[in-house]
$ cat target18.txt   # compact mmCIF, C-alpha atoms
# COMPACT_ATOMS: atom_id res chain seq x y z
CA MET A 1213 16.00 26.85 -1.22
CA ALA A 1214 15.26 24.53 1.68
CA ARG A 1215 12.46 22.05 1.49
CA VAL A 1216 10.11 22.22 4.42
CA GLN A 1217 7.77 19.36 4.98
CA VAL A 1218 5.58 18.37 7.84
CA ALA A 1219 5.68 14.68 8.59
CA PRO A 1220 2.53 14.37 10.70
CA LEU A 1221 3.04 10.94 12.20
CA ARG A 1222 6.52 9.73 11.68
CA ARG A 1223 8.04 6.75 13.43
CA THR A 1224 4.63 5.14 13.68
CA GLY A 1225 6.28 1.73 13.76
CA ARG A 1226 6.63 2.37 17.47
CA PRO A 1227 3.67 2.08 19.82
CA LEU A 1228 1.07 4.69 18.99
CA GLY A 1229 1.73 6.69 22.12
CA ALA A 1230 5.26 7.31 20.91
CA THR A 1231 4.36 8.95 17.59
CA VAL A 1232 5.68 12.46 17.19
CA ARG A 1233 5.09 15.27 14.78
CA VAL A 1234 8.21 16.26 12.95
CA ILE A 1235 8.90 19.19 10.68
CA GLU A 1236 11.66 18.33 8.28
CA ILE A 1237 13.74 21.13 6.85
CA GLU A 1238 16.34 19.80 4.50
CA ARG A 1239 18.59 20.49 1.55
CA LYS A 1240 19.84 18.01 -1.00
CA PHE A 1241 23.04 18.16 -3.03
CA LEU A 1242 24.64 16.12 -5.77
CA VAL A 1243 28.09 14.75 -5.00
CA ALA A 1244 30.65 14.17 -7.74
CA GLU A 1245 33.43 12.89 -5.52
CA PRO A 1246 32.53 11.62 -2.04
CA PRO A 1247 35.03 12.18 0.78
CA SER A 1248 37.56 9.40 1.24
CA HIS A 1249 37.46 6.82 4.04
CA LEU A 1250 33.67 6.67 4.16
CA GLU A 1251 34.02 3.44 6.10
CA ARG A 1252 34.78 5.40 9.27
CA TRP A 1253 31.17 6.70 9.38
CA PRO A 1254 28.11 4.74 10.48
CA ALA A 1255 26.58 3.06 7.44
CA THR A 1256 23.38 1.20 6.69
CA ALA A 1257 22.30 -0.67 3.60
CA ILE A 1258 18.86 0.34 2.36
CA GLU A 1259 16.75 -1.53 -0.17
CA GLN A 1260 13.55 0.14 -1.21
CA GLY A 1261 10.95 -0.80 -3.80
CA TYR A 1262 7.63 0.69 -4.90
CA VAL A 1263 4.64 -1.63 -4.64
CA ALA A 1264 2.10 0.87 -5.96
CA LEU A 1265 2.33 4.36 -7.41
CA ASP A 1266 -1.04 6.04 -7.78
CA GLU A 1267 -1.50 8.78 -10.33
CA ASP A 1268 -2.60 11.09 -7.49
CA GLY A 1269 0.96 10.81 -6.12
CA THR A 1270 0.27 8.32 -3.33
CA GLU A 1271 3.09 5.82 -3.02
CA VAL A 1272 3.27 2.49 -1.24
CA ARG A 1273 6.78 1.19 -0.74
CA VAL A 1274 8.62 -1.52 1.13
CA ARG A 1275 12.02 -1.00 2.66
CA ARG A 1276 14.65 -3.14 4.33
CA ARG A 1277 17.14 -1.40 6.57
CA ASP A 1278 19.34 -2.80 9.32
CA GLY A 1279 17.58 -6.14 9.06
CA ARG A 1280 14.18 -4.58 9.73
CA THR A 1281 11.46 -4.41 7.13
CA TRP A 1282 8.72 -1.84 6.61
CA LEU A 1283 5.78 -0.96 4.45
CA THR A 1284 5.11 2.76 4.07
CA VAL A 1285 2.11 4.59 2.63
CA LYS A 1286 2.83 8.19 1.72
CA SER A 1287 0.35 10.60 0.21
CA GLY A 1288 1.21 12.75 -2.78
CA ALA A 1289 1.96 16.47 -2.66
CA GLY A 1290 -1.10 18.64 -2.24
CA ARG A 1291 -3.22 15.91 -0.70
CA VAL A 1292 -4.06 15.24 2.93
CA ARG A 1293 -0.58 14.71 4.34
CA VAL A 1294 -0.29 11.09 5.44
CA GLU A 1295 2.80 8.99 6.08
CA GLU A 1296 2.29 5.64 7.74
CA GLU A 1297 5.14 3.25 8.42
CA ILE A 1298 4.18 -0.30 9.30
CA GLU A 1299 6.78 -2.82 10.39
CA ILE A 1300 6.27 -6.10 8.57
CA GLU A 1301 7.75 -9.59 8.84
CA PRO A 1302 10.76 -10.33 6.58
CA GLU A 1303 8.75 -13.09 4.83
CA ARG A 1304 6.01 -10.61 3.99
CA PHE A 1305 8.64 -8.16 2.76
CA GLU A 1306 9.98 -10.79 0.37
CA ARG A 1307 6.54 -11.48 -1.06
CA LEU A 1308 5.82 -7.78 -1.55
CA TRP A 1309 9.32 -7.20 -2.96
CA ALA A 1310 8.30 -9.41 -5.91
CA LEU A 1311 5.86 -6.64 -6.92
CA THR A 1312 8.53 -3.94 -7.08
CA GLU A 1313 10.58 -5.21 -10.01
CA GLY A 1314 11.78 -2.33 -12.17
CA ARG A 1315 11.03 0.15 -9.38
CA ARG A 1316 13.77 -0.47 -6.87
CA ILE A 1317 16.53 1.44 -5.17
CA GLU A 1318 19.58 0.10 -3.41
CA LYS A 1319 21.87 2.42 -1.56
CA THR A 1320 24.26 2.67 1.34
CA ARG A 1321 23.57 5.58 3.66
CA TYR A 1322 26.52 7.06 5.56
CA GLU A 1323 25.94 9.49 8.39
CA LEU A 1324 28.68 12.12 8.41
CA ASP A 1325 29.31 14.83 10.93
CA ALA A 1326 28.97 18.08 8.99
CA GLY A 1327 30.00 20.33 11.89
CA ASP A 1328 27.80 22.71 13.89
CA GLY A 1329 25.85 19.71 15.16
CA LEU A 1330 24.66 18.93 11.65
CA VAL A 1331 24.39 15.41 10.29
CA LEU A 1332 24.93 14.87 6.59
CA GLU A 1333 23.32 11.78 5.11
CA LEU A 1334 25.31 10.57 2.15
CA ASP A 1335 23.42 8.13 -0.09
CA VAL A 1336 25.67 6.08 -2.35
CA TYR A 1337 23.45 4.29 -4.85
CA ALA A 1338 24.11 0.83 -6.26
CA GLY A 1339 22.54 -1.40 -8.90
CA ASP A 1340 21.00 0.48 -11.84
CA LEU A 1341 21.78 3.80 -10.13
CA GLU A 1342 25.46 3.01 -9.54
CA GLY A 1343 27.51 6.20 -9.72
CA LEU A 1344 24.85 8.44 -8.22
CA VAL A 1345 25.74 10.00 -4.86
CA VAL A 1346 23.40 12.40 -3.09
CA ALA A 1347 23.81 14.23 0.21
CA GLU A 1348 21.02 15.48 2.46
CA VAL A 1349 21.37 17.79 5.40
CA GLU A 1350 18.56 18.35 7.86
CA PHE A 1351 18.26 21.67 9.69
CA GLU A 1352 16.48 22.95 12.74
CA SER A 1353 15.18 26.11 11.08
CA GLU A 1354 14.77 27.65 7.66
CA GLU A 1355 17.33 30.29 8.64
CA ALA A 1356 19.88 27.59 9.39
CA ALA A 1357 19.10 25.89 6.07
CA GLU A 1358 19.55 29.10 4.12
CA GLY A 1359 22.67 30.11 6.05
CA PHE A 1360 24.37 26.77 5.45
CA THR A 1361 27.68 26.94 3.59
CA PRO A 1362 28.14 23.58 1.88
CA PRO A 1363 31.61 22.02 2.09
CA GLY A 1364 33.50 22.23 -1.21
CA TRP A 1365 32.89 18.62 -2.15
CA LEU A 1366 29.11 19.13 -2.34
CA GLY A 1367 27.87 19.81 -5.86
CA PRO A 1368 24.69 21.44 -7.20
CA ASP A 1369 21.72 21.98 -4.86
CA VAL A 1370 18.92 19.72 -6.14
CA THR A 1371 16.52 20.24 -3.24
CA GLU A 1372 13.71 21.30 -5.59
CA ASP A 1373 14.55 18.92 -8.42
CA ALA A 1374 11.81 16.28 -8.48
CA ARG A 1375 13.95 13.95 -10.60
CA TYR A 1376 16.02 13.18 -7.53
CA LYS A 1377 13.09 12.00 -5.43
CA ASN A 1378 13.46 8.31 -4.63
CA GLN A 1379 10.18 7.47 -6.31
CA ARG A 1380 11.35 9.04 -9.58
CA LEU A 1381 14.85 7.53 -9.33
CA ALA A 1382 13.33 4.10 -8.82
CA ARG A 1383 10.98 4.43 -11.75
CA ASP A 1384 12.94 6.52 -14.25
CA GLY A 1385 16.58 5.88 -13.30
CA ALA A 1386 19.29 8.51 -12.90
CA PRO A 1387 18.52 11.89 -14.55
CA MET B 505 -18.33 -19.47 -16.09
CA ALA B 506 -16.72 -19.81 -12.70
CA ARG B 507 -13.80 -17.65 -11.72
CA VAL B 508 -10.87 -19.61 -10.42
CA GLN B 509 -8.20 -17.78 -8.56
CA VAL B 510 -5.33 -18.91 -6.43
CA ALA B 511 -4.90 -16.87 -3.29
CA PRO B 512 -1.33 -17.86 -2.38
CA LEU B 513 -1.21 -16.58 1.15
CA ARG B 514 -4.61 -15.70 2.41
CA ARG B 515 -5.42 -15.00 6.02
CA THR B 516 -1.92 -13.69 6.53
CA GLY B 517 -3.15 -11.54 9.39
CA ARG B 518 -2.74 -14.62 11.51
CA PRO B 519 0.68 -15.78 12.67
CA LEU B 520 2.79 -16.79 9.70
CA GLY B 521 2.66 -20.47 10.58
CA ALA B 522 -1.08 -20.37 10.08
CA THR B 523 -1.09 -19.13 6.50
CA VAL B 524 -2.78 -21.42 4.03
CA ARG B 525 -2.97 -21.66 0.29
CA VAL B 526 -6.52 -21.36 -0.94
CA ILE B 527 -7.96 -21.84 -4.38
CA GLU B 528 -11.11 -19.81 -4.75
CA ILE B 529 -13.72 -20.95 -7.22
CA GLU B 530 -16.66 -18.64 -7.23
CA ARG B 531 -19.59 -17.25 -9.18
CA LYS B 532 -21.15 -13.84 -8.83
CA PHE B 533 -24.73 -12.83 -9.54
CA LEU B 534 -26.75 -9.64 -9.54
CA VAL B 535 -29.78 -9.59 -7.25
CA ALA B 536 -32.83 -7.53 -8.08
CA GLU B 537 -34.88 -8.50 -5.05
CA PRO B 538 -33.07 -9.98 -2.04
CA PRO B 539 -34.89 -12.61 0.03
CA SER B 540 -36.96 -11.26 2.90
CA HIS B 541 -35.96 -11.44 6.56
CA LEU B 542 -32.26 -11.03 5.86
CA GLU B 543 -31.85 -10.19 9.53
CA ARG B 544 -31.99 -13.88 10.43
CA TRP B 545 -28.61 -14.47 8.74
CA PRO B 546 -25.20 -13.57 10.17
CA ALA B 547 -24.29 -10.09 8.97
CA THR B 548 -21.19 -7.92 9.05
CA ALA B 549 -20.69 -4.31 8.07
CA ILE B 550 -17.75 -3.78 5.72
CA GLU B 551 -16.12 -0.48 4.88
CA GLN B 552 -13.44 -0.57 2.26
CA GLY B 553 -11.43 2.19 0.59
CA TYR B 554 -8.63 2.25 -1.95
CA VAL B 555 -5.45 3.99 -0.83
CA ALA B 556 -3.55 3.44 -4.08
CA LEU B 557 -4.45 2.00 -7.47
CA ASP B 558 -1.46 1.43 -9.69
CA GLU B 559 -1.87 1.35 -13.45
CA ASP B 560 -0.39 -2.17 -13.44
CA GLY B 561 -3.47 -3.28 -11.48
CA THR B 562 -1.89 -3.46 -8.03
CA GLU B 563 -4.31 -2.21 -5.39
CA VAL B 564 -3.74 -1.16 -1.81
CA ARG B 565 -6.89 -0.95 0.26
CA VAL B 566 -7.97 -0.57 3.85
CA ARG B 567 -10.93 -2.36 5.30
CA ARG B 568 -12.90 -2.32 8.54
CA ARG B 569 -14.94 -5.38 9.37
CA ASP B 570 -16.30 -6.58 12.70
CA GLY B 571 -14.34 -3.88 14.50
CA ARG B 572 -11.04 -5.08 13.06
CA THR B 573 -9.03 -3.09 10.56
CA TRP B 574 -6.74 -4.25 7.76
CA LEU B 575 -4.50 -3.04 5.01
CA THR B 576 -4.30 -5.30 1.96
CA VAL B 577 -1.92 -5.24 -0.99
CA LYS B 578 -3.18 -7.19 -3.97
CA SER B 579 -1.37 -7.56 -7.28
CA GLY B 580 -3.12 -7.04 -10.59
CA ALA B 581 -4.18 -9.78 -12.97
CA GLY B 582 -1.33 -11.32 -14.93
CA ARG B 583 1.34 -10.30 -12.47
CA VAL B 584 3.06 -12.31 -9.75
CA ARG B 585 0.08 -13.30 -7.64
CA VAL B 586 0.40 -11.56 -4.27
CA GLU B 587 -2.22 -10.84 -1.65
CA GLU B 588 -1.00 -9.64 1.70
CA GLU B 589 -3.37 -8.72 4.52
CA ILE B 590 -1.88 -6.78 7.40
CA GLU B 591 -3.91 -6.05 10.51
CA ILE B 592 -3.51 -2.41 11.51
CA GLU B 593 -4.54 -0.32 14.51
CA PRO B 594 -7.90 1.50 14.22
CA GLU B 595 -6.08 4.86 14.54
CA ARG B 596 -3.87 4.00 11.59
CA PHE B 597 -6.94 2.89 9.64
CA GLU B 598 -8.55 6.29 10.24
CA ARG B 599 -5.49 8.14 8.96
CA LEU B 600 -5.26 5.98 5.84
CA TRP B 601 -9.03 6.22 5.31
CA ALA B 602 -8.52 9.94 4.66
CA LEU B 603 -6.67 8.98 1.46
CA THR B 604 -9.55 6.93 0.08
CA GLU B 605 -12.09 9.68 -0.50
CA GLY B 606 -14.03 9.09 -3.71
CA ARG B 607 -12.91 5.44 -3.77
CA ARG B 608 -14.92 3.83 -1.02
CA ILE B 609 -17.36 1.03 -0.60
CA GLU B 610 -19.78 0.40 2.23
CA LYS B 611 -21.78 -2.76 2.33
CA THR B 612 -23.42 -5.25 4.64
CA ARG B 613 -22.52 -8.84 3.98
CA TYR B 614 -25.06 -11.53 4.87
CA GLU B 615 -24.06 -15.18 4.89
CA LEU B 616 -26.95 -17.31 3.66
CA ASP B 617 -27.23 -21.05 3.57
CA ALA B 618 -27.65 -21.94 -0.11
CA GLY B 619 -28.19 -25.66 0.45
CA ASP B 620 -25.81 -28.52 -0.39
CA GLY B 621 -23.35 -27.11 2.11
CA LEU B 622 -22.92 -23.94 0.07
CA VAL B 623 -22.67 -20.50 1.60
CA LEU B 624 -24.01 -17.54 -0.35
CA GLU B 625 -22.50 -14.19 0.48
CA LEU B 626 -25.01 -11.44 -0.17
CA ASP B 627 -23.48 -7.96 -0.37
CA VAL B 628 -25.99 -5.15 0.10
CA TYR B 629 -24.25 -1.90 -0.81
CA ALA B 630 -24.90 1.45 0.87
CA GLY B 631 -23.77 5.02 0.32
CA ASP B 632 -23.18 5.95 -3.33
CA LEU B 633 -23.83 2.36 -4.37
CA GLU B 634 -27.19 2.11 -2.55
CA GLY B 635 -29.52 -0.20 -4.47
CA LEU B 636 -26.80 -2.56 -5.68
CA VAL B 637 -27.02 -6.11 -4.33
CA VAL B 638 -24.55 -8.81 -5.40
CA ALA B 639 -24.36 -12.47 -4.41
CA GLU B 640 -21.25 -14.64 -4.44
CA VAL B 641 -21.12 -18.38 -4.05
CA GLU B 642 -17.87 -20.22 -3.46
CA PHE B 643 -17.46 -23.81 -4.66
CA GLU B 644 -15.14 -26.69 -3.95
CA SER B 645 -14.58 -27.58 -7.60
CA GLU B 646 -15.14 -26.20 -11.06
CA GLU B 647 -17.63 -29.01 -11.69
CA ALA B 648 -19.68 -27.91 -8.68
CA ALA B 649 -19.54 -24.30 -9.88
CA GLU B 650 -20.74 -25.19 -13.35
CA GLY B 651 -23.40 -27.59 -12.06
CA PHE B 652 -24.86 -25.00 -9.68
CA THR B 653 -28.51 -24.17 -10.28
CA PRO B 654 -29.03 -20.66 -8.93
CA PRO B 655 -32.17 -20.06 -6.89
CA GLY B 656 -34.83 -18.09 -8.79
CA TRP B 657 -34.11 -14.83 -6.98
CA LEU B 658 -30.56 -14.65 -8.35
CA GLY B 659 -30.23 -12.49 -11.47
CA PRO B 660 -27.63 -12.35 -14.26
CA ASP B 661 -24.26 -14.07 -13.76
CA VAL B 662 -21.64 -11.30 -13.66
CA THR B 663 -18.67 -13.47 -12.67
CA GLU B 664 -16.62 -12.26 -15.63
CA ASP B 665 -17.88 -8.68 -15.63
CA ALA B 666 -14.98 -6.50 -14.43
CA ARG B 667 -17.33 -3.60 -13.69
CA TYR B 668 -18.53 -5.45 -10.59
CA LYS B 669 -15.09 -5.82 -9.06
CA ASN B 670 -14.92 -3.85 -5.83
CA GLN B 671 -12.06 -1.74 -7.12
CA ARG B 672 -14.12 -0.64 -10.13
CA LEU B 673 -17.30 -0.12 -8.09
CA ALA B 674 -15.38 2.07 -5.64
CA ARG B 675 -13.82 4.17 -8.38
CA ASP B 676 -16.50 4.28 -11.07
CA GLY B 677 -19.74 3.67 -9.15
CA ALA B 678 -22.53 1.28 -10.12
CA PRO B 679 -22.51 0.16 -13.79
$ encode --input "target18.txt" --output "structure tokens"
Amino acid sequence: MARVQVAPLRRTGRPLGATVRVIEIERKFLVAEPPSHLERWPATAIEQGYVALDEDGTEVRVRRRDGRTWLTVKSGAGRVRVEEEIEIEPERFERLWALTEGRRIEKTRYELDAGDGLVLELDVYAGDLEGLVVAEVEFESEEAAEGFTPPGWLGPDVTEDARYKNQRLARDGAP
Amino acid sequence: MARVQVAPLRRTGRPLGATVRVIEIERKFLVAEPPSHLERWPATAIEQGYVALDEDGTEVRVRRRDGRTWLTVKSGAGRVRVEEEIEIEPERFERLWALTEGRRIEKTRYELDAGDGLVLELDVYAGDLEGLVVAEVEFESEEAAEGFTPPGWLGPDVTEDARYKNQRLARDGAP
């Protein structure tokens, strides 16, 4: 049920000595009706576009979040696991953004307290994906992920549904 | 005969204020027998691998040259013309290099004086492309390119032959 993935060198935008290995265990849910008063939670606007999608699954994307801009190279499933985040200048972001037309995502991410020390990331999509709302919860163990009782407002579990990956949403639109 | 291409923001590894617009006018030739005593010319070892090749022609490559390491995003022909070079740490290069297996190029580039103020870049390939030698000459105008009389040791003009693009050589091998 939970998706477990090893992110070998996350947060590599920081000095190399600060890179850490992270195991992500998460579940993803559709949301038909988000909770009210979302504005009371911390929110960030995220713009993300795909510069190159290789048929082997490797993706190269640019992202703007909180006024900072990044280029990320991420290997496809089943390949050597690589995820490199490189902070880039805003001017460079703009030039690369021009290459992402038709393969973009805009969303606002709210960070909600889901109880038991859990943070629920609620992604409210805009633009072509307006109307789509997806929630992700990250867990400390597979047991915690499987034992999680979703609040009533969370809809179907789409953790394993590839159509809800950002790359697919950007390219193919809402399922 | 000559290939003319506008490189909108070349040398972007330098501080942004130092970026320059460059129009490249060049011709490319096969070389059956390189001149002797190549060692008297300045030489650099170049390793280059393709991280992602998008079907729209966009390429993302990493390169090591003179001990410095770069990631470059280059748009395909007929698209918005973008070429962004980002200098990256050697450790990051190594991790991204792992994604380029089967799509690599190794070559030594010699810079020869071709007379009349022209520089001839002679690329001597190694590894899977051992035996391939290609020369490129850059000109200041299309007239100069067309008026160029190649020295006798230069072979067929392959300026327009897509099989000799680095991306194709890396992926498909020598024609």
$ atom_distance --input "target18.txt" --atom1 "CA of Arg1277 (chain A)" --atom2 "CA of Gln1260 (chain A)"
8.7 Å
$ interface_residues --input "target18.txt" --of "chain A" --to "chain B" --cutoff "9 Å" --atoms "only C-alpha atoms" --output "compact mmCIF listing (two decimals) with C-alpha atoms, in the frame of the given file"
# COMPACT_ATOMS: atom_id res chain seq x y z
CA THR A 1224 4.63 5.14 13.68
CA LEU A 1228 1.07 4.69 18.99
CA VAL A 1263 4.64 -1.63 -4.64
CA ALA A 1264 2.10 0.87 -5.96
CA LEU A 1265 2.33 4.36 -7.41
CA ASP A 1266 -1.04 6.04 -7.78
CA GLU A 1267 -1.50 8.78 -10.33
CA ASP A 1268 -2.60 11.09 -7.49
CA GLY A 1269 0.96 10.81 -6.12
CA THR A 1270 0.27 8.32 -3.33
CA GLU A 1271 3.09 5.82 -3.02
CA VAL A 1272 3.27 2.49 -1.24
CA VAL A 1285 2.11 4.59 2.63
CA SER A 1287 0.35 10.60 0.21
CA ARG A 1291 -3.22 15.91 -0.70
CA VAL A 1292 -4.06 15.24 2.93
CA ARG A 1293 -0.58 14.71 4.34
CA VAL A 1294 -0.29 11.09 5.44
CA GLU A 1295 2.80 8.99 6.08
CA GLU A 1296 2.29 5.64 7.74
CA ILE A 1298 4.18 -0.30 9.30
CA ILE A 1300 6.27 -6.10 8.57
CA GLU A 1301 7.75 -9.59 8.84
CA GLU A 1303 8.75 -13.09 4.83
CA ARG A 1304 6.01 -10.61 3.99
CA ARG A 1307 6.54 -11.48 -1.06
CA LEU A 1308 5.82 -7.78 -1.55
CA ALA A 1310 8.30 -9.41 -5.91
CA LEU A 1311 5.86 -6.64 -6.92
$ atom_distance --input "target18.txt" --atom1 "CA of Arg1315 (chain A)" --atom2 "CA of Val1370 (chain A)"
21.3 Å
$ closest_residue --input "target18.txt" --among "B:Glu605, B:Glu615, B:Glu610, B:Glu551" --to "Leu636 (chain B)" --atoms "all atoms listed in the file"
B:Glu610
$ residues_near_point --input "target18.txt" --point "(9.3, 8.3, -9.9)" --cutoff "12 Å" --atoms "all atoms listed in the file" --output "PyMOL selection string"
chain A and resi 1261-1262+1264-1267+1269-1271+1273+1288+1314-1317+1373-1387
$ write_last_selection --input "target18.txt" --atoms "C-alpha atoms" --output "compact mmCIF listing (two decimals), in the coordinates of the input"
# COMPACT_ATOMS: atom_id res chain seq x y z
CA GLY A 1261 10.95 -0.80 -3.80
CA TYR A 1262 7.63 0.69 -4.90
CA ALA A 1264 2.10 0.87 -5.96
CA LEU A 1265 2.33 4.36 -7.41
CA ASP A 1266 -1.04 6.04 -7.78
CA GLU A 1267 -1.50 8.78 -10.33
CA GLY A 1269 0.96 10.81 -6.12
CA THR A 1270 0.27 8.32 -3.33
CA GLU A 1271 3.09 5.82 -3.02
CA ARG A 1273 6.78 1.19 -0.74
CA GLY A 1288 1.21 12.75 -2.78
CA GLY A 1314 11.78 -2.33 -12.17
CA ARG A 1315 11.03 0.15 -9.38
CA ARG A 1316 13.77 -0.47 -6.87
CA ILE A 1317 16.53 1.44 -5.17
CA ASP A 1373 14.55 18.92 -8.42
CA ALA A 1374 11.81 16.28 -8.48
CA ARG A 1375 13.95 13.95 -10.60
CA TYR A 1376 16.02 13.18 -7.53
CA LYS A 1377 13.09 12.00 -5.43
CA ASN A 1378 13.46 8.31 -4.63
CA GLN A 1379 10.18 7.47 -6.31
CA ARG A 1380 11.35 9.04 -9.58
CA LEU A 1381 14.85 7.53 -9.33
CA ALA A 1382 13.33 4.10 -8.82
CA ARG A 1383 10.98 4.43 -11.75
CA ASP A 1384 12.94 6.52 -14.25
CA GLY A 1385 16.58 5.88 -13.30
CA ALA A 1386 19.29 8.51 -12.90
CA PRO A 1387 18.52 11.89 -14.55
$ residues_around --input "target18.txt" --residues "region 1327-1340 of chain A" --least-positions-apart "3" --cutoff "8 Å" --atoms "all atoms listed in the file" --output "list in words"
Ile1317, Glu1318, Lys1319, Thr1320, Arg1321, Tyr1322, Glu1323, Leu1324, Gly1343, Leu1344, Val1345, Val1346, Ala1347, Glu1348, Val1349, Glu1350, Phe1351 and Gly1385 of chain A
$ atom_distance --input "target18.txt" --atom1 "CA of Glu1236 (chain A)" --atom2 "CA of Ala1357 (chain A)"
10.8 Å
$ closest_residue --input "target18.txt" --among "A:Glu1352, A:Glu1342, A:Trp1365, A:Arg1275" --to "Pro1246 (chain A)" --atoms "only C-alpha atoms"
A:Trp1365
$ residues_near_point --input "target18.txt" --point "(-26.7, -12.0, -11.5)" --cutoff "7 Å" --atoms "all atoms listed in the file" --output "PyMOL selection string"
chain B and resi 532-535+658-662
$ residues_around --input "target18.txt" --residues "Arg1276 (chain A)" --least-positions-apart "4" --cutoff "6 Å" --atoms "all atoms listed in the file" --output "PDB file with C-alpha atoms, in the frame of the given file"
ATOM      1  CA  ILE A1258      18.860   0.340   2.360  1.00  0.00           C
ATOM      2  CA  GLU A1259      16.750  -1.530  -0.170  1.00  0.00           C
ATOM      3  CA  ARG A1280      14.180  -4.580   9.730  1.00  0.00           C
ATOM      4  CA  THR A1281      11.460  -4.410   7.130  1.00  0.00           C
TER       5      THR A1281
END
$ closest_residue --input "target18.txt" --among "B:Pro546, B:Pro539, B:Gly571, B:Pro655" --to "Ala618 (chain B)" --atoms "only C-alpha atoms"
B:Pro655
